$ cat target.tsv   # TSV, N, CA and C atoms
chain	number	residue	atom	x	y	z
A	245	MET	N	39.47	-39.74	-29.24
A	245	MET	CA	39.45	-39.70	-27.80
A	245	MET	C	39.26	-38.28	-27.31
A	246	ARG	N	39.95	-37.35	-27.93
A	246	ARG	CA	39.85	-35.97	-27.50
A	246	ARG	C	38.43	-35.42	-27.69
A	247	ARG	N	37.78	-35.74	-28.79
A	247	ARG	CA	36.40	-35.29	-29.02
A	247	ARG	C	35.45	-35.84	-27.97
A	248	LEU	N	35.65	-37.06	-27.60
A	248	LEU	CA	34.80	-37.69	-26.60
A	248	LEU	C	34.93	-36.95	-25.27
A	249	ILE	N	36.12	-36.60	-24.87
A	249	ILE	CA	36.33	-35.87	-23.62
A	249	ILE	C	35.71	-34.49	-23.71
A	250	LEU	N	35.91	-33.80	-24.81
A	250	LEU	CA	35.33	-32.48	-24.99
A	250	LEU	C	33.82	-32.53	-24.93
A	251	PHE	N	33.21	-33.51	-25.59
A	251	PHE	CA	31.76	-33.66	-25.56
A	251	PHE	C	31.27	-33.90	-24.14
A	252	SER	N	31.98	-34.71	-23.39
A	252	SER	CA	31.60	-35.00	-22.01
A	252	SER	C	31.63	-33.74	-21.16
A	253	VAL	N	32.64	-32.91	-21.35
A	253	VAL	CA	32.74	-31.66	-20.58
A	253	VAL	C	31.59	-30.73	-20.94
A	254	VAL	N	31.28	-30.60	-22.21
A	254	VAL	CA	30.18	-29.74	-22.63
A	254	VAL	C	28.86	-30.25	-22.06
A	255	THR	N	28.64	-31.54	-22.09
A	255	THR	CA	27.41	-32.13	-21.55
A	255	THR	C	27.29	-31.85	-20.06
A	256	VAL	N	28.37	-32.01	-19.33
A	256	VAL	CA	28.35	-31.75	-17.90
A	256	VAL	C	28.08	-30.29	-17.61
A	257	LEU	N	28.65	-29.40	-18.40
A	257	LEU	CA	28.44	-27.97	-18.18
A	257	LEU	C	27.03	-27.54	-18.53
A	258	LEU	N	26.40	-28.16	-19.50
A	258	LEU	CA	25.06	-27.78	-19.91
A	258	LEU	C	23.97	-28.37	-19.02
A	259	ALA	N	24.25	-29.43	-18.32
A	259	ALA	CA	23.25	-30.07	-17.47
A	259	ALA	C	22.66	-29.11	-16.42
A	260	PRO	N	23.48	-28.33	-15.68
A	260	PRO	CA	22.90	-27.39	-14.72
A	260	PRO	C	22.02	-26.33	-15.38
A	261	VAL	N	22.38	-25.90	-16.58
A	261	VAL	CA	21.58	-24.90	-17.29
A	261	VAL	C	20.21	-25.47	-17.60
A	262	ALA	N	20.15	-26.71	-18.05
A	262	ALA	CA	18.87	-27.36	-18.34
A	262	ALA	C	18.03	-27.48	-17.08
A	263	ALA	N	18.65	-27.81	-15.96
A	263	ALA	CA	17.92	-27.93	-14.70
A	263	ALA	C	17.35	-26.59	-14.28
A	264	ILE	N	18.12	-25.52	-14.44
A	264	ILE	CA	17.65	-24.18	-14.08
A	264	ILE	C	16.47	-23.78	-14.97
A	265	GLN	N	16.58	-24.04	-16.26
A	265	GLN	CA	15.49	-23.70	-17.17
A	265	GLN	C	14.24	-24.50	-16.83
A	266	ASN	N	14.41	-25.76	-16.46
A	266	ASN	CA	13.28	-26.59	-16.08
A	266	ASN	C	12.60	-26.04	-14.83
A	267	ASP	N	13.41	-25.62	-13.84
A	267	ASP	CA	12.87	-25.03	-12.63
A	267	ASP	C	12.12	-23.75	-12.93
A	268	ARG	N	12.65	-22.92	-13.83
A	268	ARG	CA	11.97	-21.67	-14.19
A	268	ARG	C	10.63	-21.98	-14.86
A	269	GLY	N	10.61	-22.99	-15.71
A	269	GLY	CA	9.36	-23.37	-16.37
A	269	GLY	C	8.31	-23.83	-15.37
A	270	LYS	N	8.73	-24.65	-14.42
A	270	LYS	CA	7.80	-25.12	-13.38
A	270	LYS	C	7.35	-23.95	-12.51
A	271	SER	N	8.27	-23.06	-12.22
A	271	SER	CA	7.93	-21.88	-11.42
A	271	SER	C	6.92	-20.99	-12.15
A	272	LYS	N	7.14	-20.80	-13.45
A	272	LYS	CA	6.19	-20.00	-14.24
A	272	LYS	C	4.80	-20.62	-14.24
A	273	GLU	N	4.74	-21.94	-14.31
A	273	GLU	CA	3.44	-22.62	-14.25
A	273	GLU	C	2.73	-22.30	-12.94
A	274	GLN	N	3.47	-22.34	-11.84
A	274	GLN	CA	2.89	-22.03	-10.54
A	274	GLN	C	2.43	-20.57	-10.47
A	275	VAL	N	3.25	-19.67	-11.01
A	275	VAL	CA	2.89	-18.24	-11.01
A	275	VAL	C	1.61	-18.02	-11.80
A	276	GLU	N	1.53	-18.60	-12.98
A	276	GLU	CA	0.35	-18.42	-13.82
A	276	GLU	C	-0.90	-18.99	-13.17
A	277	PHE	N	-0.77	-20.16	-12.57
A	277	PHE	CA	-1.92	-20.75	-11.88
A	277	PHE	C	-2.32	-19.88	-10.69
A	278	GLY	N	-1.33	-19.36	-9.98
A	278	GLY	CA	-1.61	-18.47	-8.86
A	278	GLY	C	-2.37	-17.23	-9.29
A	279	ILE	N	-2.03	-16.68	-10.44
A	279	ILE	CA	-2.74	-15.51	-10.95
A	279	ILE	C	-4.19	-15.85	-11.22
A	280	LYS	N	-4.44	-17.00	-11.84
A	280	LYS	CA	-5.82	-17.41	-12.15
A	280	LYS	C	-6.66	-17.57	-10.89
A	281	VAL	N	-6.09	-18.23	-9.87
A	281	VAL	CA	-6.89	-18.43	-8.66
A	281	VAL	C	-7.06	-17.13	-7.88
A	282	ALA	N	-6.08	-16.26	-7.91
A	282	ALA	CA	-6.21	-14.96	-7.23
A	282	ALA	C	-7.32	-14.14	-7.90
A	283	GLN	N	-7.40	-14.20	-9.22
A	283	GLN	CA	-8.46	-13.48	-9.94
A	283	GLN	C	-9.84	-13.99	-9.55
A	284	ASN	N	-9.90	-15.23	-9.07
A	284	ASN	CA	-11.17	-15.81	-8.61
A	284	ASN	C	-11.35	-15.68	-7.10
A	285	GLY	N	-10.48	-14.90	-6.47
A	285	GLY	CA	-10.60	-14.64	-5.04
A	285	GLY	C	-10.04	-15.72	-4.13
A	286	LEU	N	-9.31	-16.67	-4.68
A	286	LEU	CA	-8.76	-17.77	-3.89
A	286	LEU	C	-7.32	-17.42	-3.48
A	287	TRP	N	-7.20	-16.49	-2.56
A	287	TRP	CA	-5.90	-15.95	-2.19
A	287	TRP	C	-5.02	-16.95	-1.45
A	288	ASN	N	-5.62	-17.82	-0.64
A	288	ASN	CA	-4.80	-18.82	0.05
A	288	ASN	C	-4.13	-19.75	-0.95
A	289	GLU	N	-4.87	-20.15	-1.97
A	289	GLU	CA	-4.30	-21.01	-3.02
A	289	GLU	C	-3.23	-20.25	-3.80
A	290	ALA	N	-3.50	-18.98	-4.11
A	290	ALA	CA	-2.51	-18.17	-4.83
A	290	ALA	C	-1.23	-18.04	-4.00
A	291	LEU	N	-1.38	-17.78	-2.72
A	291	LEU	CA	-0.23	-17.68	-1.83
A	291	LEU	C	0.58	-18.98	-1.85
A	292	TYR	N	-0.10	-20.09	-1.76
A	292	TYR	CA	0.57	-21.39	-1.80
A	292	TYR	C	1.35	-21.56	-3.11
A	293	ARG	N	0.71	-21.23	-4.24
A	293	ARG	CA	1.34	-21.40	-5.55
A	293	ARG	C	2.57	-20.52	-5.70
A	294	TRP	N	2.48	-19.28	-5.22
A	294	TRP	CA	3.61	-18.37	-5.36
A	294	TRP	C	4.74	-18.72	-4.41
A	295	GLU	N	4.41	-19.25	-3.24
A	295	GLU	CA	5.47	-19.75	-2.35
A	295	GLU	C	6.18	-20.91	-3.02
A	296	LYS	N	5.40	-21.79	-3.63
A	296	LYS	CA	5.99	-22.94	-4.34
A	296	LYS	C	6.87	-22.47	-5.49
A	297	ALA	N	6.40	-21.45	-6.22
A	297	ALA	CA	7.18	-20.91	-7.35
A	297	ALA	C	8.53	-20.38	-6.87
A	298	THR	N	8.56	-19.71	-5.73
A	298	THR	CA	9.83	-19.18	-5.23
A	298	THR	C	10.74	-20.29	-4.71
A	299	GLN	N	10.16	-21.38	-4.27
A	299	GLN	CA	10.96	-22.53	-3.85
A	299	GLN	C	11.57	-23.24	-5.07
A	300	LEU	N	10.77	-23.35	-6.13
A	300	LEU	CA	11.26	-24.01	-7.35
A	300	LEU	C	12.37	-23.20	-8.01
A	301	ASP	N	12.21	-21.88	-8.02
A	301	ASP	CA	13.21	-21.01	-8.64
A	301	ASP	C	13.36	-19.75	-7.79
A	302	PRO	N	14.25	-19.78	-6.82
A	302	PRO	CA	14.44	-18.63	-5.93
A	302	PRO	C	14.96	-17.37	-6.63
A	303	THR	N	15.33	-17.48	-7.90
A	303	THR	CA	15.85	-16.33	-8.65
A	303	THR	C	14.78	-15.68	-9.54
A	304	TYR	N	13.55	-16.11	-9.44
A	304	TYR	CA	12.47	-15.63	-10.31
A	304	TYR	C	11.77	-14.43	-9.64
A	305	ALA	N	12.15	-13.23	-10.04
A	305	ALA	CA	11.67	-12.00	-9.42
A	305	ALA	C	10.15	-11.86	-9.49
A	306	ALA	N	9.55	-12.23	-10.59
A	306	ALA	CA	8.09	-12.10	-10.73
A	306	ALA	C	7.35	-12.95	-9.69
A	307	ALA	N	7.89	-14.11	-9.38
A	307	ALA	CA	7.28	-14.96	-8.36
A	307	ALA	C	7.33	-14.28	-6.99
A	308	TRP	N	8.47	-13.67	-6.69
A	308	TRP	CA	8.61	-12.95	-5.41
A	308	TRP	C	7.67	-11.75	-5.35
A	309	ASN	N	7.51	-11.06	-6.47
A	309	ASN	CA	6.59	-9.92	-6.53
A	309	ASN	C	5.16	-10.37	-6.24
A	310	ASN	N	4.73	-11.44	-6.91
A	310	ASN	CA	3.37	-11.93	-6.70
A	310	ASN	C	3.18	-12.43	-5.28
A	311	LEU	N	4.20	-13.08	-4.74
A	311	LEU	CA	4.13	-13.55	-3.36
A	311	LEU	C	3.97	-12.36	-2.42
A	312	ALA	N	4.68	-11.28	-2.68
A	312	ALA	CA	4.57	-10.07	-1.86
A	312	ALA	C	3.14	-9.53	-1.91
A	313	ILE	N	2.54	-9.51	-3.08
A	313	ILE	CA	1.16	-9.03	-3.22
A	313	ILE	C	0.21	-9.90	-2.40
A	314	ALA	N	0.41	-11.22	-2.45
A	314	ALA	CA	-0.45	-12.12	-1.68
A	314	ALA	C	-0.27	-11.91	-0.18
A	315	TYR	N	0.98	-11.76	0.26
A	315	TYR	CA	1.22	-11.48	1.68
A	315	TYR	C	0.54	-10.18	2.08
A	316	GLU	N	0.67	-9.19	1.24
A	316	GLU	CA	0.05	-7.89	1.52
A	316	GLU	C	-1.47	-8.06	1.64
A	317	HIS	N	-2.05	-8.78	0.72
A	317	HIS	CA	-3.50	-9.02	0.73
A	317	HIS	C	-3.94	-9.72	2.01
A	318	GLU	N	-3.10	-10.62	2.52
A	318	GLU	CA	-3.42	-11.39	3.72
A	318	GLU	C	-3.05	-10.65	5.01
A	319	GLY	N	-2.52	-9.43	4.89
A	319	GLY	CA	-2.16	-8.66	6.07
A	319	GLY	C	-0.83	-9.04	6.67
A	320	LYS	N	-0.02	-9.78	5.95
A	320	LYS	CA	1.30	-10.20	6.42
A	320	LYS	C	2.32	-9.20	5.87
A	321	PHE	N	2.35	-8.02	6.49
A	321	PHE	CA	3.10	-6.91	5.94
A	321	PHE	C	4.61	-7.06	6.02
A	322	GLU	N	5.11	-7.66	7.08
A	322	GLU	CA	6.56	-7.87	7.18
A	322	GLU	C	7.03	-8.86	6.11
A	323	GLU	N	6.24	-9.92	5.92
A	323	GLU	CA	6.58	-10.90	4.88
A	323	GLU	C	6.50	-10.27	3.49
A	324	ALA	N	5.49	-9.40	3.29
A	324	ALA	CA	5.35	-8.70	2.02
A	324	ALA	C	6.56	-7.83	1.75
A	325	LYS	N	7.00	-7.09	2.76
A	325	LYS	CA	8.17	-6.23	2.61
A	325	LYS	C	9.40	-7.05	2.21
A	326	GLN	N	9.61	-8.16	2.88
A	326	GLN	CA	10.77	-9.00	2.58
A	326	GLN	C	10.69	-9.57	1.16
A	327	ALA	N	9.49	-9.99	0.74
A	327	ALA	CA	9.34	-10.55	-0.60
A	327	ALA	C	9.55	-9.47	-1.67
A	328	TYR	N	9.02	-8.27	-1.44
A	328	TYR	CA	9.26	-7.17	-2.40
A	328	TYR	C	10.75	-6.87	-2.50
A	329	GLU	N	11.42	-6.82	-1.36
A	329	GLU	CA	12.85	-6.52	-1.36
A	329	GLU	C	13.65	-7.61	-2.08
A	330	LYS	N	13.24	-8.85	-1.93
A	330	LYS	CA	13.90	-9.95	-2.65
A	330	LYS	C	13.67	-9.79	-4.16
A	331	ALA	N	12.44	-9.47	-4.55
A	331	ALA	CA	12.13	-9.28	-5.97
A	331	ALA	C	12.96	-8.15	-6.55
A	332	LEU	N	13.09	-7.06	-5.82
A	332	LEU	CA	13.88	-5.92	-6.31
A	332	LEU	C	15.37	-6.24	-6.35
A	333	ALA	N	15.84	-7.02	-5.41
A	333	ALA	CA	17.26	-7.40	-5.43
A	333	ALA	C	17.56	-8.26	-6.66
A	334	LEU	N	16.60	-9.08	-7.04
A	334	LEU	CA	16.78	-9.95	-8.21
A	334	LEU	C	16.63	-9.20	-9.53
A	335	ASP	N	15.75	-8.19	-9.54
A	335	ASP	CA	15.48	-7.45	-10.79
A	335	ASP	C	15.29	-5.97	-10.47
A	336	PRO	N	16.37	-5.26	-10.14
A	336	PRO	CA	16.25	-3.87	-9.68
A	336	PRO	C	15.72	-2.89	-10.72
A	337	LYS	N	15.76	-3.25	-11.98
A	337	LYS	CA	15.29	-2.33	-13.03
A	337	LYS	C	13.84	-2.58	-13.42
A	338	ASN	N	13.18	-3.53	-12.77
A	338	ASN	CA	11.80	-3.87	-13.11
A	338	ASN	C	10.86	-2.80	-12.53
A	339	LEU	N	10.27	-2.00	-13.41
A	339	LEU	CA	9.42	-0.88	-12.98
A	339	LEU	C	8.15	-1.34	-12.28
A	340	MET	N	7.58	-2.46	-12.72
A	340	MET	CA	6.36	-2.95	-12.10
A	340	MET	C	6.62	-3.33	-10.64
A	341	ILE	N	7.70	-4.04	-10.41
A	341	ILE	CA	8.03	-4.41	-9.03
A	341	ILE	C	8.31	-3.17	-8.20
A	342	ARG	N	9.06	-2.22	-8.76
A	342	ARG	CA	9.37	-0.97	-8.06
A	342	ARG	C	8.09	-0.21	-7.70
A	343	GLN	N	7.16	-0.11	-8.64
A	343	GLN	CA	5.90	0.59	-8.38
A	343	GLN	C	5.09	-0.12	-7.31
A	344	ASN	N	5.02	-1.44	-7.38
A	344	ASN	CA	4.29	-2.20	-6.36
A	344	ASN	C	4.89	-1.98	-4.98
A	345	TYR	N	6.21	-2.03	-4.90
A	345	TYR	CA	6.89	-1.85	-3.62
A	345	TYR	C	6.70	-0.43	-3.09
A	346	ASP	N	6.85	0.55	-3.95
A	346	ASP	CA	6.68	1.95	-3.52
A	346	ASP	C	5.27	2.20	-3.02
A	347	LEU	N	4.28	1.66	-3.71
A	347	LEU	CA	2.89	1.82	-3.28
A	347	LEU	C	2.67	1.11	-1.94
A	348	PHE	N	3.20	-0.09	-1.82
A	348	PHE	CA	3.11	-0.83	-0.56
A	348	PHE	C	3.71	-0.02	0.59
A	349	LYS	N	4.92	0.51	0.38
A	349	LYS	CA	5.57	1.29	1.43
A	349	LYS	C	4.75	2.51	1.80
A	350	GLU	N	4.22	3.21	0.80
A	350	GLU	CA	3.43	4.41	1.07
A	350	GLU	C	2.20	4.09	1.91
A	351	ILE	N	1.47	3.07	1.54
A	351	ILE	CA	0.26	2.69	2.28
A	351	ILE	C	0.62	2.16	3.66
A	352	ASN	N	1.65	1.33	3.73
A	352	ASN	CA	2.06	0.75	5.00
A	352	ASN	C	2.55	1.83	5.96
A	353	ASP	N	3.35	2.77	5.47
A	353	ASP	CA	3.84	3.86	6.31
A	353	ASP	C	2.70	4.74	6.80
A	354	ARG	N	1.76	5.04	5.91
A	354	ARG	CA	0.61	5.87	6.29
A	354	ARG	C	-0.22	5.16	7.36
A	355	THR	N	-0.42	3.87	7.22
A	355	THR	CA	-1.19	3.10	8.19
A	355	THR	C	-0.49	3.10	9.54
A	356	LYS	N	0.83	2.95	9.54
A	356	LYS	CA	1.59	2.95	10.79
A	356	LYS	C	1.50	4.31	11.48
A	357	ARG	N	1.57	5.40	10.68
A	357	ARG	CA	1.48	6.75	11.27
A	357	ARG	C	0.11	6.96	11.91
A	358	ARG	N	-0.93	6.51	11.25
A	358	ARG	CA	-2.29	6.67	11.79
A	358	ARG	C	-2.50	5.90	13.06
A	359	SER	N	-1.92	4.70	13.12
A	359	SER	CA	-2.11	3.87	14.30
A	359	SER	C	-1.11	4.19	15.41
A	360	GLY	N	-0.16	5.10	15.12
A	360	GLY	CA	0.82	5.51	16.12
A	360	GLY	C	1.92	4.52	16.36
A	361	LYS	N	2.16	3.62	15.41
A	361	LYS	CA	3.21	2.61	15.59
A	361	LYS	C	4.49	3.03	14.95
$ encode --input "target.tsv" --output "structure tokens"
Amino acid sequence: MRRLILFSVVTVLLAPVAAIQNDRGKSKEQVEFGIKVAQNGLWNEALYRWEKATQLDPTYAAAWNNLAIAYEHEGKFEEAKQAYEKALALDPKNLMIRQNYDLFKEINDRTKRRSGK
């Protein structure tokens, strides 16, 4: 009887982990597909895929980074800033995300200074 109860507890505790891993896998599929379509110039589709990836797994920093790049490409700079900041909050030691965000800020700040905003 005791083994049965212990097994049930372990099964219940592992179920959320499996769901999270499944969501990450689905999110990665969306990210990879988004990269392929972006490379072919289909930015609206890439944006859709990366938004979906962040919905599937809101903790996936790479998805937020790619979403920020798509927002930036589409001229949605406030959304890009928020997505970069979310990516950095999730993975603050990721140099690629940091470099992308720093470059975004530099270009965005320079553009604002030129336009007087």
$ atom_distance --input "target.tsv" --atom1 "atom N of Asn266 in chain A" --atom2 "atom C of Ala331 in chain A"
20.3 Å
$ closest_residue --input "target.tsv" --among "A:Val281, A:Ala324, A:Val275, A:Ala314" --to "Thr298 in chain A" --atoms "all atoms listed in the file"
A:Val275
$ axis_aligned_box --input "target.tsv" --around "range 316-335 of chain A" --padding-each-side "4 Å" --output "AutoDock Vina command-line options"
--center_x 6.8 --center_y -8.7 --center_z -1.8 --size_x 29.5 --size_y 13.5 --size_z 26.0
$ residues_around --input "target.tsv" --residues "Ala327 in chain A" --least-positions-apart "4" --cutoff "7 Å" --atoms "only N, CA and C atoms" --output "list in words"
Trp308, Asn309, Leu311, Ala312, Glu322, Glu323, Ala331 and Leu332 of chain A
$ residues_near_point --input "target.tsv" --point "(18.4, -12.1, -9.3)" --cutoff "6.5 Å" --atoms "all atoms listed in the file" --output "VMD selection string"
chain A and resid 303 to 305 333 to 335
$ atom_distance --input "target.tsv" --atom1 "CA of Leu300 in chain A" --atom2 "CA of Tyr328 in chain A"
17.7 Å
$ atom_distance --input "target.tsv" --atom1 "CA of Gly285 in chain A" --atom2 "CA of Lys356 in chain A"
26.6 Å
$ residues_around --input "target.tsv" --residues "Gln343 in chain A" --least-positions-apart "3" --cutoff "12 Å" --atoms "only C-alpha atoms" --output "list in words"
Asn309, Ile313, Tyr328, Ala331, Leu332, Pro336, Lys337, Asn338, Leu339, Met340, Asp346, Leu347, Phe348, Lys349 and Glu350 of chain A
$ residues_around --input "target.tsv" --residues "Gly278 in chain A" --least-positions-apart "3" --cutoff "6 Å" --atoms "all atoms listed in the file" --output "list in words"
Glu273, Gln274, Val275, Val281, Ala282, Gln283, Glu289, Ala290, Arg293 and Trp294 of chain A
$ closest_residue --input "target.tsv" --among "A:Asn352, A:Ala297, A:Arg357, A:Arg268" --to "Lys320 in chain A" --atoms "only C-alpha atoms"
A:Asn352
